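Student: This one is protein-v7.pdb, PDB, N, CA, C and O atoms.
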ATOM      1  N   MET H   1     -26.637  34.182  67.790
ATOM      2  CA  MET H   1     -26.431  33.745  66.428
ATOM      3  C   MET H   1     -27.399  34.498  65.534
ATOM      4  O   MET H   1     -28.584  34.530  65.778
ATOM      5  N   SER H   2     -26.899  35.107  64.504
ATOM      6  CA  SER H   2     -27.738  35.881  63.597
ATOM      7  C   SER H   2     -28.573  34.963  62.723
ATOM      8  O   SER H   2     -28.124  33.895  62.308
ATOM      9  N   THR H   3     -29.805  35.396  62.443
ATOM     10  CA  THR H   3     -30.654  34.576  61.574
ATOM     11  C   THR H   3     -30.071  34.471  60.176
ATOM     12  O   THR H   3     -30.401  33.567  59.443
ATOM     13  N   SER H   4     -29.180  35.390  59.788
ATOM     14  CA  SER H   4     -28.600  35.344  58.452
ATOM     15  C   SER H   4     -27.603  34.204  58.300
ATOM     16  O   SER H   4     -27.321  33.790  57.191
ATOM     17  N   VAL H   5     -27.029  33.670  59.397
ATOM     18  CA  VAL H   5     -26.078  32.565  59.302
ATOM     19  C   VAL H   5     -26.725  31.226  59.646
ATOM     20  O   VAL H   5     -26.095  30.199  59.522
ATOM     21  N   ILE H   6     -27.941  31.254  60.085
ATOM     22  CA  ILE H   6     -28.657  30.009  60.350
ATOM     23  C   ILE H   6     -29.214  29.506  59.030
ATOM     24  O   ILE H   6     -29.788  30.266  58.253
ATOM     25  N   GLU H   7     -29.044  28.234  58.777
ATOM     26  CA  GLU H   7     -29.497  27.665  57.511
ATOM     27  C   GLU H   7     -30.179  26.325  57.755
ATOM     28  O   GLU H   7     -30.063  25.757  58.848
ATOM     29  N   PRO H   8     -30.901  25.828  56.752
ATOM     30  CA  PRO H   8     -31.532  24.514  56.911
ATOM     31  C   PRO H   8     -30.491  23.464  57.319
ATOM     32  O   PRO H   8     -29.355  23.485  56.847
ATOM     33  N   GLY H   9     -30.870  22.604  58.223
ATOM     34  CA  GLY H   9     -29.964  21.581  58.733
ATOM     35  C   GLY H   9     -29.328  21.956  60.056
ATOM     36  O   GLY H   9     -28.781  21.104  60.748
ATOM     37  N   THR H  10     -29.388  23.232  60.422
ATOM     38  CA  THR H  10     -28.850  23.680  61.705
ATOM     39  C   THR H  10     -29.643  23.021  62.829
ATOM     40  O   THR H  10     -30.860  22.918  62.773
ATOM     41  N   ARG H  11     -28.929  22.540  63.861
ATOM     42  CA  ARG H  11     -29.574  21.918  65.020
ATOM     43  C   ARG H  11     -29.463  22.876  66.197
ATOM     44  O   ARG H  11     -28.390  23.371  66.504
ATOM     45  N   LEU H  12     -30.602  23.145  66.828
ATOM     46  CA  LEU H  12     -30.645  24.049  67.981
ATOM     47  C   LEU H  12     -30.997  23.260  69.236
ATOM     48  O   LEU H  12     -31.831  22.358  69.189
ATOM     49  N   ALA H  13     -30.376  23.617  70.342
ATOM     50  CA  ALA H  13     -30.627  23.010  71.656
ATOM     51  C   ALA H  13     -30.500  21.493  71.621
ATOM     52  O   ALA H  13     -31.115  20.799  72.426
ATOM     53  N   GLY H  14     -29.719  20.988  70.695
ATOM     54  CA  GLY H  14     -29.478  19.553  70.627
ATOM     55  C   GLY H  14     -30.674  18.712  70.227
ATOM     56  O   GLY H  14     -30.631  17.492  70.304
ATOM     57  N   ARG H  15     -31.753  19.356  69.770
ATOM     58  CA  ARG H  15     -32.933  18.552  69.428
ATOM     59  C   ARG H  15     -33.766  19.088  68.279
ATOM     60  O   ARG H  15     -34.517  18.341  67.677
ATOM     61  N   TYR H  16     -33.674  20.376  67.957
ATOM     62  CA  TYR H  16     -34.513  20.964  66.908
ATOM     63  C   TYR H  16     -33.698  21.151  65.631
ATOM     64  O   TYR H  16     -32.764  21.949  65.599
ATOM     65  N   ARG H  17     -34.038  20.399  64.586
ATOM     66  CA  ARG H  17     -33.352  20.505  63.303
ATOM     67  C   ARG H  17     -34.176  21.383  62.375
ATOM     68  O   ARG H  17     -35.306  21.049  62.031
ATOM     69  N   LEU H  18     -33.610  22.524  61.973
ATOM     70  CA  LEU H  18     -34.313  23.452  61.108
ATOM     71  C   LEU H  18     -34.402  22.883  59.697
ATOM     72  O   LEU H  18     -33.412  22.404  59.155
ATOM     73  N   GLU H  19     -35.598  22.943  59.114
ATOM     74  CA  GLU H  19     -35.796  22.393  57.779
ATOM     75  C   GLU H  19     -36.028  23.457  56.720
ATOM     76  O   GLU H  19     -35.433  23.402  55.656
ATOM     77  N   LYS H  20     -36.934  24.406  56.999
ATOM     78  CA  LYS H  20     -37.290  25.382  55.972
ATOM     79  C   LYS H  20     -37.665  26.706  56.626
ATOM     80  O   LYS H  20     -38.463  26.734  57.552
ATOM     81  N   ARG H  21     -37.081  27.785  56.110
ATOM     82  CA  ARG H  21     -37.442  29.113  56.601
ATOM     83  C   ARG H  21     -38.789  29.487  55.995
ATOM     84  O   ARG H  21     -38.969  29.493  54.797
ATOM     85  N   ILE H  22     -39.756  29.775  56.853
ATOM     86  CA  ILE H  22     -41.116  30.096  56.416
ATOM     87  C   ILE H  22     -41.263  31.595  56.166
ATOM     88  O   ILE H  22     -41.854  32.010  55.173
ATOM     89  N   ARG H  23     -40.727  32.410  57.082
ATOM     90  CA  ARG H  23     -40.947  33.856  56.992
ATOM     91  C   ARG H  23     -39.843  34.601  57.740
ATOM     92  O   ARG H  23     -39.410  34.181  58.799
ATOM     93  N   ASP H  24     -39.435  35.739  57.177
ATOM     94  CA  ASP H  24     -38.537  36.678  57.853
ATOM     95  C   ASP H  24     -39.316  37.936  58.157
ATOM     96  O   ASP H  24     -39.981  38.482  57.275
ATOM     97  N   THR H  25     -39.261  38.397  59.403
ATOM     98  CA  THR H  25     -39.954  39.631  59.781
ATOM     99  C   THR H  25     -39.132  40.415  60.780
ATOM    100  O   THR H  25     -38.910  39.952  61.895
ATOM    101  N   GLY H  26     -38.692  41.576  60.379
ATOM    102  CA  GLY H  26     -38.070  42.546  61.270
ATOM    103  C   GLY H  26     -37.129  42.023  62.330
ATOM    104  O   GLY H  26     -37.333  42.275  63.500
ATOM    105  N   GLY H  27     -36.109  41.262  61.963
ATOM    106  CA  GLY H  27     -35.138  40.783  62.941
ATOM    107  C   GLY H  27     -35.401  39.400  63.483
ATOM    108  O   GLY H  27     -34.699  38.939  64.364
ATOM    109  N   SER H  28     -36.416  38.719  62.966
ATOM    110  CA  SER H  28     -36.657  37.342  63.392
ATOM    111  C   SER H  28     -37.050  36.500  62.176
ATOM    112  O   SER H  28     -37.431  37.024  61.140
ATOM    113  N   ALA H  29     -36.927  35.208  62.331
ATOM    114  CA  ALA H  29     -37.298  34.276  61.268
ATOM    115  C   ALA H  29     -38.112  33.136  61.868
ATOM    116  O   ALA H  29     -37.820  32.660  62.968
ATOM    117  N   LEU H  30     -39.115  32.704  61.145
ATOM    118  CA  LEU H  30     -39.933  31.562  61.541
ATOM    119  C   LEU H  30     -39.523  30.372  60.691
ATOM    120  O   LEU H  30     -39.433  30.486  59.466
ATOM    121  N   TRP H  31     -39.270  29.237  61.343
ATOM    122  CA  TRP H  31     -38.786  28.034  60.681
ATOM    123  C   TRP H  31     -39.720  26.852  60.900
ATOM    124  O   TRP H  31     -40.278  26.704  61.992
ATOM    125  N   LYS H  32     -39.828  25.998  59.905
ATOM    126  CA  LYS H  32     -40.388  24.653  60.092
ATOM    127  C   LYS H  32     -39.207  23.807  60.534
ATOM    128  O   LYS H  32     -38.136  23.844  59.917
ATOM    129  N   ALA H  33     -39.385  23.085  61.633
ATOM    130  CA  ALA H  33     -38.295  22.283  62.190
ATOM    131  C   ALA H  33     -38.826  20.931  62.653
ATOM    132  O   ALA H  33     -40.035  20.715  62.719
ATOM    133  N   ILE H  34     -37.911  20.054  62.986
ATOM    134  CA  ILE H  34     -38.250  18.738  63.535
ATOM    135  C   ILE H  34     -37.679  18.638  64.938
ATOM    136  O   ILE H  34     -36.501  18.907  65.157
ATOM    137  N   ASP H  35     -38.529  18.285  65.889
ATOM    138  CA  ASP H  35     -38.072  17.966  67.238
ATOM    139  C   ASP H  35     -37.595  16.521  67.162
ATOM    140  O   ASP H  35     -38.399  15.598  67.015
ATOM    141  N   GLU H  36     -36.294  16.324  67.193
ATOM    142  CA  GLU H  36     -35.737  14.980  67.004
ATOM    143  C   GLU H  36     -35.948  14.075  68.212
ATOM    144  O   GLU H  36     -35.864  12.858  68.088
ATOM    145  N   ILE H  37     -36.247  14.624  69.376
ATOM    146  CA  ILE H  37     -36.535  13.804  70.555
ATOM    147  C   ILE H  37     -37.947  13.224  70.458
ATOM    148  O   ILE H  37     -38.162  12.034  70.686
ATOM    149  N   LEU H  38     -38.919  14.074  70.125
ATOM    150  CA  LEU H  38     -40.319  13.644  70.049
ATOM    151  C   LEU H  38     -40.736  13.224  68.638
ATOM    152  O   LEU H  38     -41.877  12.798  68.445
ATOM    153  N   ALA H  39     -39.842  13.367  67.671
ATOM    154  CA  ALA H  39     -40.092  12.972  66.278
ATOM    155  C   ALA H  39     -41.372  13.599  65.723
ATOM    156  O   ALA H  39     -42.255  12.902  65.237
ATOM    157  N   ARG H  40     -41.435  14.939  65.825
ATOM    158  CA  ARG H  40     -42.599  15.634  65.275
ATOM    159  C   ARG H  40     -42.202  17.012  64.767
ATOM    160  O   ARG H  40     -41.192  17.584  65.175
ATOM    161  N   ALA H  41     -43.035  17.540  63.874
ATOM    162  CA  ALA H  41     -42.804  18.865  63.312
ATOM    163  C   ALA H  41     -43.133  19.933  64.349
ATOM    164  O   ALA H  41     -44.082  19.787  65.119
ATOM    165  N   VAL H  42     -42.328  20.979  64.372
ATOM    166  CA  VAL H  42     -42.543  22.111  65.269
ATOM    167  C   VAL H  42     -42.214  23.403  64.519
ATOM    168  O   VAL H  42     -41.601  23.373  63.456
ATOM    169  N   ALA H  43     -42.621  24.522  65.090
ATOM    170  CA  ALA H  43     -42.226  25.837  64.591
ATOM    171  C   ALA H  43     -41.173  26.396  65.537
ATOM    172  O   ALA H  43     -41.289  26.259  66.750
ATOM    173  N   VAL H  44     -40.153  27.013  64.970
ATOM    174  CA  VAL H  44     -39.080  27.615  65.760
ATOM    175  C   VAL H  44     -38.879  29.037  65.254
ATOM    176  O   VAL H  44     -38.828  29.269  64.053
ATOM    177  N   ARG H  45     -38.786  29.983  66.173
ATOM    178  CA  ARG H  45     -38.494  31.372  65.798
ATOM    179  C   ARG H  45     -37.086  31.693  66.267
ATOM    180  O   ARG H  45     -36.726  31.435  67.417
ATOM    181  N   THR H  46     -36.279  32.237  65.359
ATOM    182  CA  THR H  46     -34.931  32.682  65.693
ATOM    183  C   THR H  46     -34.884  34.200  65.599
ATOM    184  O   THR H  46     -35.665  34.810  64.869
ATOM    185  N   PHE H  47     -33.950  34.807  66.351
ATOM    186  CA  PHE H  47     -33.848  36.259  66.426
ATOM    187  C   PHE H  47     -32.435  36.722  66.116
ATOM    188  O   PHE H  47     -31.468  36.075  66.519
ATOM    189  N   ASP H  48     -32.326  37.879  65.451
ATOM    190  CA  ASP H  48     -31.038  38.536  65.290
ATOM    191  C   ASP H  48     -30.573  39.017  66.652
ATOM    192  O   ASP H  48     -31.401  39.376  67.499
ATOM    193  N   PRO H  49     -29.266  39.067  66.896
ATOM    194  CA  PRO H  49     -28.769  39.505  68.200
ATOM    195  C   PRO H  49     -29.189  40.928  68.558
ATOM    196  O   PRO H  49     -29.323  41.250  69.736
ATOM    197  N   ASP H  50     -29.413  41.769  67.571
ATOM    198  CA  ASP H  50     -29.786  43.152  67.856
ATOM    199  C   ASP H  50     -31.302  43.372  67.856
ATOM    200  O   ASP H  50     -31.765  44.505  67.910
ATOM    201  N   PHE H  51     -32.081  42.295  67.853
ATOM    202  CA  PHE H  51     -33.539  42.419  67.928
ATOM    203  C   PHE H  51     -33.881  43.093  69.249
ATOM    204  O   PHE H  51     -33.511  42.604  70.321
ATOM    205  N   PRO H  52     -34.582  44.250  69.219
ATOM    206  CA  PRO H  52     -34.744  45.056  70.438
ATOM    207  C   PRO H  52     -35.599  44.434  71.542
ATOM    208  O   PRO H  52     -35.450  44.789  72.703
ATOM    209  N   ARG H  53     -36.486  43.494  71.216
ATOM    210  CA  ARG H  53     -37.396  42.958  72.242
ATOM    211  C   ARG H  53     -37.154  41.480  72.522
ATOM    212  O   ARG H  53     -38.033  40.791  73.013
ATOM    213  N   VAL H  54     -35.963  40.972  72.244
ATOM    214  CA  VAL H  54     -35.721  39.542  72.381
ATOM    215  C   VAL H  54     -35.993  39.060  73.820
ATOM    216  O   VAL H  54     -36.619  38.023  74.013
ATOM    217  N   HIS H  55     -35.564  39.799  74.829
ATOM    218  CA  HIS H  55     -35.802  39.379  76.217
ATOM    219  C   HIS H  55     -37.296  39.302  76.513
ATOM    220  O   HIS H  55     -37.783  38.326  77.105
ATOM    221  N   GLU H  56     -38.039  40.296  76.085
ATOM    222  CA  GLU H  56     -39.482  40.332  76.299
ATOM    223  C   GLU H  56     -40.181  39.154  75.614
ATOM    224  O   GLU H  56     -41.050  38.497  76.198
ATOM    225  N   VAL H  57     -39.782  38.854  74.388
ATOM    226  CA  VAL H  57     -40.414  37.759  73.641
ATOM    227  C   VAL H  57     -40.078  36.411  74.264
ATOM    228  O   VAL H  57     -40.956  35.562  74.446
ATOM    229  N   VAL H  58     -38.833  36.215  74.620
ATOM    230  CA  VAL H  58     -38.402  34.921  75.168
ATOM    231  C   VAL H  58     -39.025  34.648  76.530
ATOM    232  O   VAL H  58     -39.402  33.518  76.836
ATOM    233  N   THR H  59     -39.223  35.676  77.350
ATOM    234  CA  THR H  59     -39.767  35.462  78.684
ATOM    235  C   THR H  59     -41.291  35.418  78.725
ATOM    236  O   THR H  59     -41.860  35.049  79.739
ATOM    237  N   SER H  60     -41.948  35.778  77.625
ATOM    238  CA  SER H  60     -43.417  35.785  77.666
ATOM    239  C   SER H  60     -44.035  34.452  77.320
ATOM    240  O   SER H  60     -43.495  33.488  77.064
TER
END
For the structure just supplied, provide its representation as structure tokens.

Tutor:
Amino acid sequence: MSTSVIEPGTRLAGRYRLEKRIRDTGGSALWKAIDEILARAVAVRTFDPDFPRVHEVVTS
């Protein structure tokens, strides 16, 4: 899913509700989100599908 089509209110993995985009940087976006299971604020990073290092970032 491209970061350009993700918007506030989008729910990821059935538990993270995106609230506000904090920063866009080179193919990724940092979001303020709510973990609806634990009822707390979290940070979520989303990536464009063509982000060249997505596998490296996700596995580290």

Student: What is the CA of Arg53 (chain H) to CA of Gly26 (chain H) distance in Å?

Tutor: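 Interatomic distance here is 11.0 Å.
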
Student: In file coordinates, which residues lie within 12 Å of (-33.3, 20.6, 67.7) using only C-alpha atoms, given as an mmCIF file with N, CA, C and O atoms, keeping the file's coordinate frame?

Tutor:
data_model
loop_
_atom_site.group_PDB
_atom_site.id
_atom_site.type_symbol
_atom_site.label_atom_id
_atom_site.label_comp_id
_atom_site.auth_asym_id
_atom_site.auth_seq_id
_atom_site.Cartn_x
_atom_site.Cartn_y
_atom_site.Cartn_z
ATOM 1 N N PRO H 8 -30.901 25.828 56.752
ATOM 2 C CA PRO H 8 -31.532 24.514 56.911
ATOM 3 C C PRO H 8 -30.491 23.464 57.319
ATOM 4 O O PRO H 8 -29.355 23.485 56.847
ATOM 5 N N GLY H 9 -30.870 22.604 58.223
ATOM 6 C CA GLY H 9 -29.964 21.581 58.733
ATOM 7 C C GLY H 9 -29.328 21.956 60.056
ATOM 8 O O GLY H 9 -28.781 21.104 60.748
ATOM 9 N N THR H 10 -29.388 23.232 60.422
ATOM 10 C CA THR H 10 -28.850 23.680 61.705
ATOM 11 C C THR H 10 -29.643 23.021 62.829
ATOM 12 O O THR H 10 -30.860 22.918 62.773
ATOM 13 N N ARG H 11 -28.929 22.540 63.861
ATOM 14 C CA ARG H 11 -29.574 21.918 65.020
ATOM 15 C C ARG H 11 -29.463 22.876 66.197
ATOM 16 O O ARG H 11 -28.390 23.371 66.504
ATOM 17 N N LEU H 12 -30.602 23.145 66.828
ATOM 18 C CA LEU H 12 -30.645 24.049 67.981
ATOM 19 C C LEU H 12 -30.997 23.260 69.236
ATOM 20 O O LEU H 12 -31.831 22.358 69.189
ATOM 21 N N ALA H 13 -30.376 23.617 70.342
ATOM 22 C CA ALA H 13 -30.627 23.010 71.656
ATOM 23 C C ALA H 13 -30.500 21.493 71.621
ATOM 24 O O ALA H 13 -31.115 20.799 72.426
ATOM 25 N N GLY H 14 -29.719 20.988 70.695
ATOM 26 C CA GLY H 14 -29.478 19.553 70.627
ATOM 27 C C GLY H 14 -30.674 18.712 70.227
ATOM 28 O O GLY H 14 -30.631 17.492 70.304
ATOM 29 N N ARG H 15 -31.753 19.356 69.770
ATOM 30 C CA ARG H 15 -32.933 18.552 69.428
ATOM 31 C C ARG H 15 -33.766 19.088 68.279
ATOM 32 O O ARG H 15 -34.517 18.341 67.677
ATOM 33 N N TYR H 16 -33.674 20.376 67.957
ATOM 34 C CA TYR H 16 -34.513 20.964 66.908
ATOM 35 C C TYR H 16 -33.698 21.151 65.631
ATOM 36 O O TYR H 16 -32.764 21.949 65.599
ATOM 37 N N ARG H 17 -34.038 20.399 64.586
ATOM 38 C CA ARG H 17 -33.352 20.505 63.303
ATOM 39 C C ARG H 17 -34.176 21.383 62.375
ATOM 40 O O ARG H 17 -35.306 21.049 62.031
ATOM 41 N N LEU H 18 -33.610 22.524 61.973
ATOM 42 C CA LEU H 18 -34.313 23.452 61.108
ATOM 43 C C LEU H 18 -34.402 22.883 59.697
ATOM 44 O O LEU H 18 -33.412 22.404 59.155
ATOM 45 N N GLU H 19 -35.598 22.943 59.114
ATOM 46 C CA GLU H 19 -35.796 22.393 57.779
ATOM 47 C C GLU H 19 -36.028 23.457 56.720
ATOM 48 O O GLU H 19 -35.433 23.402 55.656
ATOM 49 N N TRP H 31 -39.270 29.237 61.343
ATOM 50 C CA TRP H 31 -38.786 28.034 60.681
ATOM 51 C C TRP H 31 -39.720 26.852 60.900
ATOM 52 O O TRP H 31 -40.278 26.704 61.992
ATOM 53 N N LYS H 32 -39.828 25.998 59.905
ATOM 54 C CA LYS H 32 -40.388 24.653 60.092
ATOM 55 C C LYS H 32 -39.207 23.807 60.534
ATOM 56 O O LYS H 32 -38.136 23.844 59.917
ATOM 57 N N ALA H 33 -39.385 23.085 61.633
ATOM 58 C CA ALA H 33 -38.295 22.283 62.190
ATOM 59 C C ALA H 33 -38.826 20.931 62.653
ATOM 60 O O ALA H 33 -40.035 20.715 62.719
ATOM 61 N N ILE H 34 -37.911 20.054 62.986
ATOM 62 C CA ILE H 34 -38.250 18.738 63.535
ATOM 63 C C ILE H 34 -37.679 18.638 64.938
ATOM 64 O O ILE H 34 -36.501 18.907 65.157
ATOM 65 N N ASP H 35 -38.529 18.285 65.889
ATOM 66 C CA ASP H 35 -38.072 17.966 67.238
ATOM 67 C C ASP H 35 -37.595 16.521 67.162
ATOM 68 O O ASP H 35 -38.399 15.598 67.015
ATOM 69 N N GLU H 36 -36.294 16.324 67.193
ATOM 70 C CA GLU H 36 -35.737 14.980 67.004
ATOM 71 C C GLU H 36 -35.948 14.075 68.212
ATOM 72 O O GLU H 36 -35.864 12.858 68.088
ATOM 73 N N ILE H 37 -36.247 14.624 69.376
ATOM 74 C CA ILE H 37 -36.535 13.804 70.555
ATOM 75 C C ILE H 37 -37.947 13.224 70.458
ATOM 76 O O ILE H 37 -38.162 12.034 70.686
ATOM 77 N N LEU H 38 -38.919 14.074 70.125
ATOM 78 C CA LEU H 38 -40.319 13.644 70.049
ATOM 79 C C LEU H 38 -40.736 13.224 68.638
ATOM 80 O O LEU H 38 -41.877 12.798 68.445
ATOM 81 N N ALA H 39 -39.842 13.367 67.671
ATOM 82 C CA ALA H 39 -40.092 12.972 66.278
ATOM 83 C C ALA H 39 -41.372 13.599 65.723
ATOM 84 O O ALA H 39 -42.255 12.902 65.237
ATOM 85 N N ARG H 40 -41.435 14.939 65.825
ATOM 86 C CA ARG H 40 -42.599 15.634 65.275
ATOM 87 C C ARG H 40 -42.202 17.012 64.767
ATOM 88 O O ARG H 40 -41.192 17.584 65.175
ATOM 89 N N ALA H 41 -43.035 17.540 63.874
ATOM 90 C CA ALA H 41 -42.804 18.865 63.312
ATOM 91 C C ALA H 41 -43.133 19.933 64.349
ATOM 92 O O ALA H 41 -44.082 19.787 65.119
ATOM 93 N N VAL H 42 -42.328 20.979 64.372
ATOM 94 C CA VAL H 42 -42.543 22.111 65.269
ATOM 95 C C VAL H 42 -42.214 23.403 64.519
ATOM 96 O O VAL H 42 -41.601 23.373 63.456
ATOM 97 N N ALA H 43 -42.621 24.522 65.090
ATOM 98 C CA ALA H 43 -42.226 25.837 64.591
ATOM 99 C C ALA H 43 -41.173 26.396 65.537
ATOM 100 O O ALA H 43 -41.289 26.259 66.750
ATOM 101 N N VAL H 44 -40.153 27.013 64.970
ATOM 102 C CA VAL H 44 -39.080 27.615 65.760
ATOM 103 C C VAL H 44 -38.879 29.037 65.254
ATOM 104 O O VAL H 44 -38.828 29.269 64.053
#

Student: I'd like the interatomic distance between CA of Thr25 (chain H) and atom O of Thr46 (chain H), to a tenth of an Å.

Tutor: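 So the two atoms, CA of Thr25 (chain H) and atom O of Thr46 (chain H), lie 8.2 Å apart.
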
Student: For CA of Asp50 (chain H) and CA of Ala29 (chain H), quote the distance in Å rounded to one decimal.

Tutor: 13.4 Å

Student: Per DSSP on the backbone, what are the strand (DSSP E or B) residues of chain H, as JSON, numbers by chain?

Tutor: {"H": [11, 12, 16, 17, 18, 19, 20, 21, 22, 23, 24, 25, 28, 29, 30, 31, 32, 33, 34, 35, 40, 41, 42, 43, 44, 45, 46, 47]}

Student: Which neighbours of Pro52 (chain H) fall inside 10 Å, counting only C-alpha atoms, when residues of the same chain fewer than 5 positions from it are skipped, and could you give them as number ranges by chain?

Tutor: H: 27, 47, 57

Student: Restore all heavy atoms in region 43-51 of chain H and list the result as a CSV table (one decimal), in the frame of the given file.

Tutor:
chain,number,residue,atom,x,y,z
H,43,ALA,N,-42.6,24.5,65.1
H,43,ALA,CA,-42.2,25.8,64.6
H,43,ALA,C,-41.2,26.4,65.5
H,43,ALA,O,-41.3,26.3,66.8
H,43,ALA,CB,-43.4,26.8,64.5
H,44,VAL,N,-40.2,27.0,65.0
H,44,VAL,CA,-39.1,27.6,65.8
H,44,VAL,C,-38.9,29.0,65.3
H,44,VAL,O,-38.8,29.3,64.1
H,44,VAL,CB,-37.8,26.8,65.6
H,44,VAL,CG1,-36.6,27.6,66.2
H,44,VAL,CG2,-37.9,25.4,66.2
H,45,ARG,N,-38.8,30.0,66.2
H,45,ARG,CA,-38.5,31.4,65.8
H,45,ARG,C,-37.1,31.7,66.3
H,45,ARG,O,-36.7,31.4,67.4
H,45,ARG,CB,-39.5,32.3,66.4
H,45,ARG,CG,-39.3,33.8,66.0
H,45,ARG,CD,-40.4,34.7,66.3
H,45,ARG,NE,-41.6,34.3,65.7
H,45,ARG,CZ,-42.0,34.7,64.5
H,45,ARG,NH1,-41.2,35.4,63.7
H,45,ARG,NH2,-43.2,34.3,64.0
H,46,THR,N,-36.3,32.2,65.4
H,46,THR,CA,-34.9,32.7,65.7
H,46,THR,C,-34.9,34.2,65.6
H,46,THR,O,-35.7,34.8,64.9
H,46,THR,CB,-33.9,32.1,64.7
H,46,THR,OG1,-34.2,32.4,63.4
H,46,THR,CG2,-33.8,30.5,64.9
H,47,PHE,N,-34.0,34.8,66.4
H,47,PHE,CA,-33.8,36.3,66.4
H,47,PHE,C,-32.4,36.7,66.1
H,47,PHE,O,-31.5,36.1,66.5
H,47,PHE,CB,-34.2,36.8,67.8
H,47,PHE,CG,-35.6,36.5,68.2
H,47,PHE,CD1,-35.9,35.3,68.9
H,47,PHE,CD2,-36.6,37.3,67.9
H,47,PHE,CE1,-37.2,35.0,69.3
H,47,PHE,CE2,-38.0,37.0,68.2
H,47,PHE,CZ,-38.3,35.9,68.9
H,48,ASP,N,-32.3,37.9,65.5
H,48,ASP,CA,-31.0,38.5,65.3
H,48,ASP,C,-30.6,39.0,66.7
H,48,ASP,O,-31.4,39.4,67.5
H,48,ASP,CB,-31.2,39.7,64.3
H,48,ASP,CG,-31.3,39.3,62.9
H,48,ASP,OD1,-30.9,38.2,62.5
H,48,ASP,OD2,-31.8,40.1,62.1
H,49,PRO,N,-29.3,39.1,66.9
H,49,PRO,CA,-28.8,39.5,68.2
H,49,PRO,C,-29.2,40.9,68.6
H,49,PRO,O,-29.3,41.2,69.7
H,49,PRO,CB,-27.3,39.4,68.1
H,49,PRO,CG,-27.0,38.6,66.9
H,49,PRO,CD,-28.2,38.6,66.0
H,50,ASP,N,-29.4,41.8,67.6
H,50,ASP,CA,-29.8,43.2,67.9
H,50,ASP,C,-31.3,43.4,67.9
H,50,ASP,O,-31.8,44.5,67.9
H,50,ASP,CB,-29.1,44.1,66.9
H,50,ASP,CG,-29.4,43.8,65.4
H,50,ASP,OD1,-30.0,42.7,65.1
H,50,ASP,OD2,-29.1,44.6,64.5
H,51,PHE,N,-32.1,42.3,67.9
H,51,PHE,CA,-33.5,42.4,67.9
H,51,PHE,C,-33.9,43.1,69.2
H,51,PHE,O,-33.5,42.6,70.3
H,51,PHE,CB,-34.2,41.0,67.8
H,51,PHE,CG,-35.7,41.1,67.8
H,51,PHE,CD1,-36.4,41.4,66.7
H,51,PHE,CD2,-36.4,40.7,68.9
H,51,PHE,CE1,-37.8,41.5,66.6
H,51,PHE,CE2,-37.8,40.7,68.9
H,51,PHE,CZ,-38.5,41.1,67.7
